[in-house]
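So this block is protein35.cif, mmCIF, C-alpha atoms:
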data_target
#
loop_
_atom_site.label_atom_id
_atom_site.label_comp_id
_atom_site.auth_asym_id
_atom_site.auth_seq_id
_atom_site.Cartn_x
_atom_site.Cartn_y
_atom_site.Cartn_z
CA MET A 16 -72.49 70.66 86.34
CA GLU A 17 -75.08 67.93 86.78
CA LEU A 18 -76.46 66.74 83.48
CA THR A 19 -79.38 64.67 82.19
CA VAL A 20 -78.73 62.62 79.04
CA ILE A 21 -81.78 61.76 76.91
CA THR A 22 -81.61 59.68 73.74
CA GLY A 23 -84.11 60.19 70.93
CA ALA A 24 -84.43 63.86 71.90
CA GLY A 25 -85.26 65.17 68.44
CA SER A 26 -88.97 64.30 68.50
CA GLY A 27 -91.82 62.67 70.39
CA ILE A 28 -91.32 61.66 74.02
CA GLY A 29 -87.62 62.51 73.96
CA ARG A 30 -88.17 66.09 72.85
CA ALA A 31 -91.07 66.63 75.24
CA LEU A 32 -89.10 65.26 78.19
CA THR A 33 -86.05 67.35 77.31
CA LEU A 34 -88.19 70.49 77.37
CA SER A 35 -89.98 69.46 80.57
CA LEU A 36 -86.75 68.82 82.47
CA ALA A 37 -85.07 71.94 81.13
CA ASP A 38 -88.12 73.95 82.21
CA ARG A 39 -87.57 72.57 85.71
CA GLY A 40 -84.04 73.95 85.64
CA LEU A 41 -82.04 70.85 84.69
CA HIS A 42 -79.21 70.91 82.16
CA VAL A 43 -79.98 68.38 79.42
CA LEU A 44 -77.84 66.76 76.72
CA GLY A 45 -80.20 65.65 73.97
CA VAL A 46 -78.99 62.84 71.72
CA GLY A 47 -80.28 61.85 68.29
CA ARG A 48 -79.14 60.80 64.85
CA ARG A 49 -80.36 63.89 62.98
CA LEU A 50 -78.97 67.29 63.93
CA ALA A 51 -81.78 69.48 62.53
CA PRO A 52 -84.55 68.16 64.84
CA LEU A 53 -82.15 68.31 67.78
CA GLU A 54 -81.42 71.96 67.06
CA GLU A 55 -85.18 72.61 67.00
CA THR A 56 -85.37 71.04 70.46
CA ARG A 57 -82.42 73.07 71.73
CA ALA A 58 -83.91 76.34 70.45
CA PHE A 59 -86.68 76.22 73.08
CA LEU A 60 -84.22 76.70 75.99
CA PRO A 61 -80.67 77.00 74.63
CA GLU A 62 -79.27 78.02 78.00
CA LYS A 63 -80.31 74.65 79.46
CA ILE A 64 -80.20 72.30 76.45
CA ARG A 65 -77.19 71.14 74.50
CA VAL A 66 -77.36 68.50 71.77
CA VAL A 67 -75.17 65.98 70.03
CA SER A 68 -75.84 64.11 66.79
CA ALA A 69 -74.86 60.51 67.48
CA ASP A 70 -76.04 56.99 66.69
CA VAL A 71 -76.34 55.09 70.00
CA SER A 72 -76.10 51.78 68.13
CA THR A 73 -72.44 52.33 67.20
CA GLU A 74 -69.24 52.60 69.20
CA ASP A 75 -68.38 55.87 67.44
CA GLY A 76 -71.80 57.26 68.32
CA ARG A 77 -71.46 56.39 71.98
CA ALA A 78 -67.95 57.87 72.01
CA ALA A 79 -69.37 61.09 70.55
CA ILE A 80 -71.86 61.28 73.42
CA ILE A 81 -69.07 60.94 75.98
CA SER A 82 -67.05 63.60 74.17
CA ALA A 83 -70.05 65.97 74.28
CA LEU A 84 -70.12 65.95 78.10
CA PRO A 85 -68.81 69.22 79.54
CA GLU A 86 -65.52 68.82 81.36
CA GLY A 87 -66.15 67.59 84.89
CA ALA A 88 -69.88 67.11 84.34
CA ARG A 89 -71.71 64.46 86.34
CA VAL A 90 -74.57 62.58 84.71
CA ARG A 91 -77.34 62.51 87.31
CA TYR A 92 -80.04 61.11 85.03
CA LEU A 93 -79.87 58.93 81.92
CA VAL A 94 -83.02 58.25 79.88
CA HIS A 95 -82.96 55.51 77.24
CA ASN A 96 -85.75 56.60 74.91
CA ALA A 97 -84.36 56.05 71.39
CA ALA A 98 -85.79 52.99 69.64
CA VAL A 99 -86.79 51.66 66.24
CA LEU A 100 -89.85 49.61 65.29
CA GLY A 101 -88.76 47.84 62.11
CA PRO A 102 -88.25 45.60 60.38
CA VAL A 103 -91.98 44.89 60.58
CA ALA A 104 -91.94 41.35 59.26
CA PRO A 105 -92.71 37.78 60.31
CA LEU A 106 -89.86 36.22 62.24
CA SER A 107 -89.90 33.41 59.69
CA ARG A 108 -88.80 35.95 57.06
CA MET A 109 -86.80 38.36 59.22
CA PRO A 110 -83.69 39.63 57.36
CA LEU A 111 -80.50 39.12 59.37
CA GLU A 112 -79.12 42.60 58.68
CA GLY A 113 -82.37 44.25 59.75
CA TRP A 114 -82.53 42.12 62.91
CA ARG A 115 -78.98 43.01 63.88
CA HIS A 116 -79.53 46.74 63.34
CA HIS A 117 -82.75 46.62 65.36
CA MET A 118 -81.03 44.94 68.30
CA ALA A 119 -78.07 47.31 68.06
CA VAL A 120 -80.39 50.30 68.49
CA ASN A 121 -82.95 48.95 70.97
CA LEU A 122 -80.75 46.75 73.16
CA GLU A 123 -77.01 47.09 72.60
CA GLY A 124 -77.16 50.89 72.44
CA PRO A 125 -78.73 51.34 75.88
CA LEU A 126 -76.51 48.72 77.51
CA PHE A 127 -73.21 50.00 76.22
CA LEU A 128 -74.13 53.67 76.59
CA THR A 129 -74.91 52.91 80.23
CA GLN A 130 -71.51 51.25 80.55
CA ALA A 131 -69.78 54.26 79.01
CA LEU A 132 -71.57 56.79 81.23
CA LEU A 133 -71.33 54.95 84.55
CA PRO A 134 -67.91 56.47 85.42
CA HIS A 135 -69.63 59.87 85.20
CA MET A 136 -72.63 58.92 87.37
CA PRO A 137 -72.42 59.66 91.10
CA GLU A 138 -74.29 58.00 93.93
CA GLY A 139 -77.96 58.97 93.75
CA SER A 140 -78.10 58.87 89.95
CA ARG A 141 -80.97 57.25 88.07
CA ILE A 142 -81.33 55.46 84.75
CA LEU A 143 -84.77 55.31 83.12
CA HIS A 144 -85.85 52.83 80.43
CA ILE A 145 -88.80 53.80 78.22
CA SER A 146 -90.53 50.47 77.80
CA SER A 147 -93.58 49.25 75.89
CA GLY A 148 -96.51 46.91 76.26
CA ALA A 149 -94.81 44.99 73.45
CA ALA A 150 -92.27 43.81 76.04
CA HIS A 151 -95.01 41.68 77.58
CA ALA A 152 -97.29 40.75 74.66
CA ALA A 153 -96.71 39.19 71.25
CA TYR A 154 -97.80 41.25 68.23
CA GLN A 155 -97.74 39.53 64.87
CA GLY A 156 -95.30 41.36 62.60
CA TRP A 157 -93.52 43.00 65.53
CA GLY A 158 -91.31 40.02 66.38
CA ALA A 159 -88.11 42.07 66.47
CA TYR A 160 -89.68 44.88 68.51
CA CYS A 161 -91.38 42.57 71.01
CA THR A 162 -88.15 40.61 71.47
CA SER A 163 -85.94 43.67 71.92
CA LYS A 164 -88.35 45.30 74.37
CA ALA A 165 -88.66 42.08 76.39
CA ALA A 166 -84.87 41.91 76.61
CA PHE A 167 -84.77 45.64 77.43
CA HIS A 168 -87.08 44.91 80.36
CA MET A 169 -84.73 42.23 81.66
CA LEU A 170 -81.80 44.58 81.13
CA TYR A 171 -83.48 47.05 83.51
CA ARG A 172 -84.04 44.34 86.11
CA CYS A 173 -80.48 43.02 85.94
CA LEU A 174 -78.82 46.44 85.89
CA ASP A 175 -80.82 47.66 88.88
CA GLY A 176 -79.72 44.61 90.82
CA GLU A 177 -76.09 45.25 89.92
CA LEU A 178 -76.02 49.00 90.49
CA VAL A 179 -78.07 49.38 93.66
CA ALA A 180 -74.95 48.83 95.78
CA ARG A 181 -73.41 51.87 94.07
CA GLY A 182 -76.44 53.98 94.91
CA ILE A 183 -77.63 54.07 91.29
CA ARG A 184 -81.17 52.91 90.55
CA VAL A 185 -82.71 51.80 87.26
CA GLY A 186 -86.42 52.20 86.53
CA SER A 187 -88.74 51.38 83.66
CA ILE A 188 -91.97 52.94 82.40
CA ARG A 189 -94.63 51.89 79.93
CA PRO A 190 -96.16 55.17 78.69
CA GLY A 191 -99.02 53.70 76.66
CA VAL A 192 -99.69 54.41 72.98
CA VAL A 193 -98.21 57.86 72.38
CA ASP A 194 -98.66 60.19 69.42
CA THR A 195 -95.09 60.00 68.10
CA PRO A 196 -93.40 59.49 64.72
CA MET A 197 -93.20 55.77 65.53
CA GLN A 198 -97.00 55.65 65.56
CA ASP A 199 -96.99 57.27 62.10
CA GLU A 200 -94.82 54.34 60.99
CA VAL A 201 -97.16 51.84 62.66
CA ARG A 202 -100.15 53.14 60.72
CA CYS A 203 -98.31 52.63 57.42
CA ALA A 204 -97.74 48.90 58.01
CA ASP A 205 -99.00 46.21 55.66
CA PRO A 206 -102.14 44.73 57.29
CA LYS A 207 -101.18 41.31 55.94
CA VAL A 208 -98.01 41.50 58.04
CA PHE A 209 -99.46 43.46 60.97
CA PRO A 210 -103.07 42.36 61.61
CA ASN A 211 -103.46 44.81 64.53
CA LEU A 212 -103.27 47.76 62.14
CA PRO A 213 -106.98 48.74 62.42
CA ARG A 214 -106.69 49.10 66.21
CA PHE A 215 -103.83 51.57 65.92
CA GLN A 216 -105.52 53.47 63.10
CA ALA A 217 -108.64 53.79 65.26
CA LEU A 218 -106.63 55.12 68.22
CA LYS A 219 -105.41 57.99 66.06
CA ALA A 220 -108.76 58.61 64.36
CA ASP A 221 -110.60 58.66 67.69
CA GLY A 222 -108.09 60.96 69.39
CA ASN A 223 -107.04 58.31 71.90
CA LEU A 224 -103.28 58.56 71.51
CA VAL A 225 -101.45 60.00 74.52
CA ALA A 226 -99.82 63.38 73.93
CA PRO A 227 -96.01 63.44 74.34
CA GLY A 228 -96.32 66.42 76.68
CA ASP A 229 -98.54 64.45 79.05
CA VAL A 230 -96.01 61.63 79.09
CA ALA A 231 -93.20 64.11 79.72
CA ARG A 232 -94.95 65.56 82.79
CA PHE A 233 -95.35 62.06 84.20
CA LEU A 234 -91.76 61.06 83.41
CA SER A 235 -90.38 64.24 84.96
CA TRP A 236 -92.22 63.48 88.18
CA PHE A 237 -91.23 59.81 88.07
CA LEU A 238 -87.57 60.60 87.46
CA LEU A 239 -87.16 63.45 89.93
CA ASP A 240 -89.77 63.15 92.66
CA THR A 241 -90.33 59.48 93.55
CA GLU A 242 -88.78 57.27 96.20
CA ASP A 243 -86.21 54.72 95.08
CA GLN A 244 -88.43 51.73 95.82
CA PHE A 245 -91.28 53.03 93.66
CA PHE A 246 -88.86 54.09 90.91
CA ALA A 247 -87.02 50.81 90.58
CA GLU A 248 -88.85 47.91 92.21
CA VAL A 249 -91.26 47.13 89.35
CA GLU A 250 -91.90 48.50 85.88
CA GLN A 251 -94.63 51.13 86.14
CA ASP A 252 -97.45 51.71 83.63
CA MET A 253 -98.47 55.33 83.19
CA ARG A 254 -102.00 54.18 82.32
CA ASP A 255 -102.38 52.96 85.91
CA MET A 256 -101.75 56.47 87.28
CA ARG A 257 -103.66 59.75 87.39
CA GLU A 258 -102.39 63.29 87.89
CA ALA A 259 -103.32 64.79 91.25
CA ASP A 260 -101.97 67.28 93.80
CA GLY A 261 -98.86 68.16 91.84
CA GLY A 262 -97.92 64.50 91.39
CA TRP A 263 -99.40 61.19 90.28
CA ARG A 264 -101.40 58.60 92.17
CA PRO A 265 -102.78 55.14 91.34
CA ALA A 266 -105.90 55.48 89.21
#
How does the structure come out when it is put into structure tokens?
Amino acid sequence: MELTVITGAGSGIGRALTLSLADRGLHVLGVGRRLAPLEETRAFLPEKIRVVSADVSTEDGRAAIISALPEGARVRYLVHNAAVLGPVAPLSRMPLEGWRHHMAVNLEGPLFLTQALLPHMPEGSRILHISSGAAHAAYQGWGAYCTSKAAFHMLYRCLDGELVARGIRVGSIRPGVVDTPMQDEVRCADPKVFPNLPRFQALKADGNLVAPGDVARFLSWFLLDTEDQFFAEVEQDMRDMREADGGWRPA
């Protein structure tokens, strides 16, 4: 069996991508911390989707993911989608425990899950990082998130350089501002800590958030249908592309 592993599969982009890939006939292992949302995801196509409740930020969680692989399964695609936003706080008052947990989820989890899954990934496999504009711009109050996403971007660059000789490529996508539970959290921030709050509130009020299903269609194409050079050479921004002729082209 060839398998796709997707973290954060219980909601938002992760759920939408799980359903999109399963609809295209792929077997998907959806990973998340909470079992109930994962079971809701699995119920759409139970013959193609299996799930495991696991925390990617912990060694035990990553071991649970490995244990959930069917015997002899090969991981053809790995999508690092799970992430946290908080603590939303100035770096000058960032709590150490919150900082460490944030980095464990957003940075250590993807790195060490990749390490653990590499023995199961054959030549031709792909790893996809779900990035953010926050990797390339400073947002007041999002110091932890901006830092982790910037490091996540460099992780993609370094890993692709290391793994290309094994025939495994690593790509990265910025999907834009997507209507996910994280955006619900963003809109609840203290405006004194997060001055950009009105912009994100307006995006929701004006109907300008990207739908997870639209992102999933793009990611499915990007993961399955693109050439290696386009997939891995530079981080792509979905907002620079438009859907056309069964694929996507520069806008």
Interface rows for range 129-212 of chain A against range 91-113 of chain A: nearest pair, Å to one decimal, 9 Å, all atoms listed in the file, as CSV:
residue,atom,partner,partner_atom,distance
A:Thr129,CA,A:Leu93,CA,8.0
A:Leu132,CA,A:Leu93,CA,8.6
A:His135,CA,A:Arg91,CA,8.4
A:Met136,CA,A:Arg91,CA,5.9
A:Pro137,CA,A:Arg91,CA,6.8
A:Glu138,CA,A:Arg91,CA,8.6
A:Gly139,CA,A:Arg91,CA,7.4
A:Ser140,CA,A:Arg91,CA,4.6
A:Arg141,CA,A:Tyr92,CA,5.0
A:Ile142,CA,A:Leu93,CA,4.7
A:Leu143,CA,A:Val94,CA,4.7
A:His144,CA,A:His95,CA,5.1
A:Ile145,CA,A:Asn96,CA,5.3
A:Ser146,CA,A:Asn96,CA,8.3
A:Gln155,CA,A:Pro105,CA,7.0
A:Gly156,CA,A:Ala104,CA,4.7
A:Trp157,CA,A:Val103,CA,5.5
A:Gly158,CA,A:Leu106,CA,5.8
A:Ala159,CA,A:Pro102,CA,7.0
A:Tyr160,CA,A:Leu100,CA,5.7
A:Met197,CA,A:Leu100,CA,7.0
A:Glu200,CA,A:Leu100,CA,8.1
A:Val201,CA,A:Leu100,CA,8.1
A:Ala204,CA,A:Val103,CA,7.5
A:Asp205,CA,A:Val103,CA,8.7
A:Val208,CA,A:Ala104,CA,6.2
A:Phe209,CA,A:Val103,CA,7.6
Interatomic distance (Å, one decimal) between CA of Thr19 in chain A and CA of His42 in chain A
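Distance reported for this atom pair: 6.2 Å.
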Restricting the calculation to all atoms listed in the file, which member of A:Phe233, A:Phe59, A:Phe215, A:Tyr154 is positioned closest to Ile188 in chain A?
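So, comparing all the options, the nearest one is A:Phe233.
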Taking the file as shown, what set of residues would the PyMOL selection byres ((chain A and resi 171) around 10) give back, as a PDB file with C-alpha atoms, keeping the file's coordinate frame?
ATOM      1  CA  PRO A 125     -78.730  51.340  75.880  1.00  0.00           C
ATOM      2  CA  LEU A 126     -76.510  48.720  77.510  1.00  0.00           C
ATOM      3  CA  ILE A 142     -81.330  55.460  84.750  1.00  0.00           C
ATOM      4  CA  LEU A 143     -84.770  55.310  83.120  1.00  0.00           C
ATOM      5  CA  HIS A 144     -85.850  52.830  80.430  1.00  0.00           C
ATOM      6  CA  SER A 146     -90.530  50.470  77.800  1.00  0.00           C
ATOM      7  CA  ALA A 166     -84.870  41.910  76.610  1.00  0.00           C
ATOM      8  CA  PHE A 167     -84.770  45.640  77.430  1.00  0.00           C
ATOM      9  CA  HIS A 168     -87.080  44.910  80.360  1.00  0.00           C
ATOM     10  CA  MET A 169     -84.730  42.230  81.660  1.00  0.00           C
ATOM     11  CA  LEU A 170     -81.800  44.580  81.130  1.00  0.00           C
ATOM     12  CA  ARG A 172     -84.040  44.340  86.110  1.00  0.00           C
ATOM     13  CA  CYS A 173     -80.480  43.020  85.940  1.00  0.00           C
ATOM     14  CA  LEU A 174     -78.820  46.440  85.890  1.00  0.00           C
ATOM     15  CA  ASP A 175     -80.820  47.660  88.880  1.00  0.00           C
ATOM     16  CA  GLY A 176     -79.720  44.610  90.820  1.00  0.00           C
ATOM     17  CA  GLU A 177     -76.090  45.250  89.920  1.00  0.00           C
ATOM     18  CA  ARG A 184     -81.170  52.910  90.550  1.00  0.00           C
ATOM     19  CA  VAL A 185     -82.710  51.800  87.260  1.00  0.00           C
ATOM     20  CA  GLY A 186     -86.420  52.200  86.530  1.00  0.00           C
ATOM     21  CA  SER A 187     -88.740  51.380  83.660  1.00  0.00           C
ATOM     22  CA  ALA A 247     -87.020  50.810  90.580  1.00  0.00           C
ATOM     23  CA  VAL A 249     -91.260  47.130  89.350  1.00  0.00           C
ATOM     24  CA  GLU A 250     -91.900  48.500  85.880  1.00  0.00           C
TER      25      GLU A 250
END
Please put the answer as lines of an AutoDock Vina configuration file: centre and edge lengths, in Å with one decimal, of a box along x, y and z that encloses all listed atoms of range 105-122 of chain A plus 4 Å on each side.
center_x = -85.4
center_y = 41.9
center_z = 65.1
size_x = 22.6
size_y = 24.9
size_z = 24.1
Using the chain letters and numbers from the file, give me the residues hit by the PyMOL selection byres ((chain A and resi 253-261) around 12), as a PyMOL selection string.
chain A and resi 145-148+187-193+224-225+229-237+240+250-252+262-266
Those residues with C-alpha atoms, as a compact mmCIF listing (two decimals), in the frame of the given file please?
# COMPACT_ATOMS: atom_id res chain seq x y z
CA ILE A 145 -88.80 53.80 78.22
CA SER A 146 -90.53 50.47 77.80
CA SER A 147 -93.58 49.25 75.89
CA GLY A 148 -96.51 46.91 76.26
CA SER A 187 -88.74 51.38 83.66
CA ILE A 188 -91.97 52.94 82.40
CA ARG A 189 -94.63 51.89 79.93
CA PRO A 190 -96.16 55.17 78.69
CA GLY A 191 -99.02 53.70 76.66
CA VAL A 192 -99.69 54.41 72.98
CA VAL A 193 -98.21 57.86 72.38
CA LEU A 224 -103.28 58.56 71.51
CA VAL A 225 -101.45 60.00 74.52
CA ASP A 229 -98.54 64.45 79.05
CA VAL A 230 -96.01 61.63 79.09
CA ALA A 231 -93.20 64.11 79.72
CA ARG A 232 -94.95 65.56 82.79
CA PHE A 233 -95.35 62.06 84.20
CA LEU A 234 -91.76 61.06 83.41
CA SER A 235 -90.38 64.24 84.96
CA TRP A 236 -92.22 63.48 88.18
CA PHE A 237 -91.23 59.81 88.07
CA ASP A 240 -89.77 63.15 92.66
CA GLU A 250 -91.90 48.50 85.88
CA GLN A 251 -94.63 51.13 86.14
CA ASP A 252 -97.45 51.71 83.63
CA GLY A 262 -97.92 64.50 91.39
CA TRP A 263 -99.40 61.19 90.28
CA ARG A 264 -101.40 58.60 92.17
CA PRO A 265 -102.78 55.14 91.34
CA ALA A 266 -105.90 55.48 89.21
So that I can check the surroundings of Val71 in chain A, please list as a PyMOL selection string every protein, DNA and RNA residue that reaches within 9 Å of it, counting only C-alpha atoms and ignoring chain neighbours fewer than 2 positions away.
chain A and resi 22+46-48+69+73-77+80+97+119-120+123-125+127-128
Closest of A:Pro134, A:Ser35, A:Arg57, A:Ala165 to Ala149 in chain A - atom-to-atom distances counting only C-alpha atoms:
A:Ala165
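From CA of Gly87 in chain A back to CA of Thr241 in chain A, the distance works out to 26.9 Å.
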Between A:Ile81, A:Ala24, A:Leu41, A:Met118, which residue has the minimum interatomic distance to Gln130 in chain A, considering only C-alpha atoms?
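Closest candidate: A:Ile81.
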Given the PyMOL selection byres ((chain A and resi 65) around 6) and the file above, list the residues it selects as a PyMOL selection string.
chain A and resi 44+64+66
Tell me, in Å to one decimal, how far CA of Met16 in chain A is from CA of Ala83 in chain A.
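These atoms are spaced 13.2 Å apart.
Considering the residues A:Leu239, A:Cys203, A:Ala58, A:Ala88 and counting all atoms listed in the file, Leu36 in chain A has its shortest atom-to-atom contact with A:Leu239.
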Missing atoms in range 196-223 of chain A should be modelled up to N, CA and C atoms and reported as an mmCIF file, in the coordinates of the input.
data_model
loop_
_atom_site.group_PDB
_atom_site.id
_atom_site.type_symbol
_atom_site.label_atom_id
_atom_site.label_comp_id
_atom_site.auth_asym_id
_atom_site.auth_seq_id
_atom_site.Cartn_x
_atom_site.Cartn_y
_atom_site.Cartn_z
ATOM 1 N N PRO A 196 -93.707 59.947 66.075
ATOM 2 C CA PRO A 196 -93.400 59.490 64.720
ATOM 3 C C PRO A 196 -93.420 57.971 64.572
ATOM 4 N N MET A 197 -93.127 57.221 65.634
ATOM 5 C CA MET A 197 -93.200 55.770 65.530
ATOM 6 C C MET A 197 -94.633 55.322 65.241
ATOM 7 N N GLN A 198 -95.609 56.006 65.835
ATOM 8 C CA GLN A 198 -97.000 55.650 65.560
ATOM 9 C C GLN A 198 -97.387 55.976 64.108
ATOM 10 N N ASP A 199 -96.783 57.013 63.533
ATOM 11 C CA ASP A 199 -96.990 57.270 62.100
ATOM 12 C C ASP A 199 -96.512 56.072 61.287
ATOM 13 N N GLU A 200 -95.367 55.524 61.675
ATOM 14 C CA GLU A 200 -94.820 54.340 60.990
ATOM 15 C C GLU A 200 -95.734 53.133 61.181
ATOM 16 N N VAL A 201 -96.264 52.967 62.389
ATOM 17 C CA VAL A 201 -97.160 51.840 62.660
ATOM 18 C C VAL A 201 -98.351 51.864 61.726
ATOM 19 N N ARG A 202 -98.928 53.040 61.522
ATOM 20 C CA ARG A 202 -100.150 53.140 60.720
ATOM 21 C C ARG A 202 -99.908 52.955 59.225
ATOM 22 N N CYS A 203 -98.638 52.876 58.829
ATOM 23 C CA CYS A 203 -98.310 52.630 57.420
ATOM 24 C C CYS A 203 -97.969 51.155 57.154
ATOM 25 N N ALA A 204 -98.113 50.312 58.153
ATOM 26 C CA ALA A 204 -97.740 48.900 58.010
ATOM 27 C C ALA A 204 -98.693 48.171 57.069
ATOM 28 N N ASP A 205 -98.202 47.094 56.504
ATOM 29 C CA ASP A 205 -99.000 46.210 55.660
ATOM 30 C C ASP A 205 -99.919 45.386 56.562
ATOM 31 N N PRO A 206 -101.242 45.481 56.400
ATOM 32 C CA PRO A 206 -102.140 44.730 57.290
ATOM 33 C C PRO A 206 -101.983 43.220 57.171
ATOM 34 N N LYS A 207 -101.423 42.749 56.065
ATOM 35 C CA LYS A 207 -101.180 41.310 55.940
ATOM 36 C C LYS A 207 -100.046 40.868 56.860
ATOM 37 N N VAL A 208 -99.135 41.787 57.150
ATOM 38 C CA VAL A 208 -98.010 41.500 58.040
ATOM 39 C C VAL A 208 -98.349 41.867 59.477
ATOM 40 N N PHE A 209 -99.127 42.942 59.634
ATOM 41 C CA PHE A 209 -99.460 43.460 60.970
ATOM 42 C C PHE A 209 -100.982 43.515 61.118
ATOM 43 N N PRO A 210 -101.594 42.426 61.535
ATOM 44 C CA PRO A 210 -103.070 42.360 61.610
ATOM 45 C C PRO A 210 -103.693 43.340 62.585
ATOM 46 N N ASN A 211 -102.915 43.856 63.557
ATOM 47 C CA ASN A 211 -103.460 44.810 64.530
ATOM 48 C C ASN A 211 -103.545 46.231 63.987
ATOM 49 N N LEU A 212 -103.269 46.426 62.712
ATOM 50 C CA LEU A 212 -103.270 47.760 62.140
ATOM 51 C C LEU A 212 -104.561 48.535 62.396
ATOM 52 N N PRO A 213 -105.751 47.955 62.199
ATOM 53 C CA PRO A 213 -106.980 48.740 62.420
ATOM 54 C C PRO A 213 -107.096 49.316 63.821
ATOM 55 N N ARG A 214 -106.629 48.582 64.831
ATOM 56 C CA ARG A 214 -106.690 49.100 66.210
ATOM 57 C C ARG A 214 -105.885 50.385 66.343
ATOM 58 N N PHE A 215 -104.690 50.403 65.780
ATOM 59 C CA PHE A 215 -103.830 51.570 65.920
ATOM 60 C C PHE A 215 -104.320 52.724 65.046
ATOM 61 N N GLN A 216 -104.902 52.420 63.911
ATOM 62 C CA GLN A 216 -105.520 53.470 63.100
ATOM 63 C C GLN A 216 -106.686 54.108 63.837
ATOM 64 N N ALA A 217 -107.477 53.274 64.522
ATOM 65 C CA ALA A 217 -108.640 53.790 65.260
ATOM 66 C C ALA A 217 -108.201 54.658 66.438
ATOM 67 N N LEU A 218 -107.112 54.304 67.106
ATOM 68 C CA LEU A 218 -106.630 55.120 68.220
ATOM 69 C C LEU A 218 -106.320 56.535 67.768
ATOM 70 N N LYS A 219 -105.718 56.665 66.597
ATOM 71 C CA LYS A 219 -105.410 57.990 66.060
ATOM 72 C C LYS A 219 -106.690 58.696 65.623
ATOM 73 N N ALA A 220 -107.534 57.996 64.884
ATOM 74 C CA ALA A 220 -108.760 58.610 64.360
ATOM 75 C C ALA A 220 -109.681 59.075 65.479
ATOM 76 N N ASP A 221 -109.700 58.339 66.577
ATOM 77 C CA ASP A 221 -110.600 58.660 67.690
ATOM 78 C C ASP A 221 -109.978 59.603 68.712
ATOM 79 N N GLY A 222 -108.756 60.048 68.463
ATOM 80 C CA GLY A 222 -108.090 60.960 69.390
ATOM 81 C C GLY A 222 -107.674 60.323 70.698
ATOM 82 N N ASN A 223 -107.366 59.026 70.669
ATOM 83 C CA ASN A 223 -107.040 58.310 71.900
ATOM 84 C C ASN A 223 -105.551 58.041 72.089
#
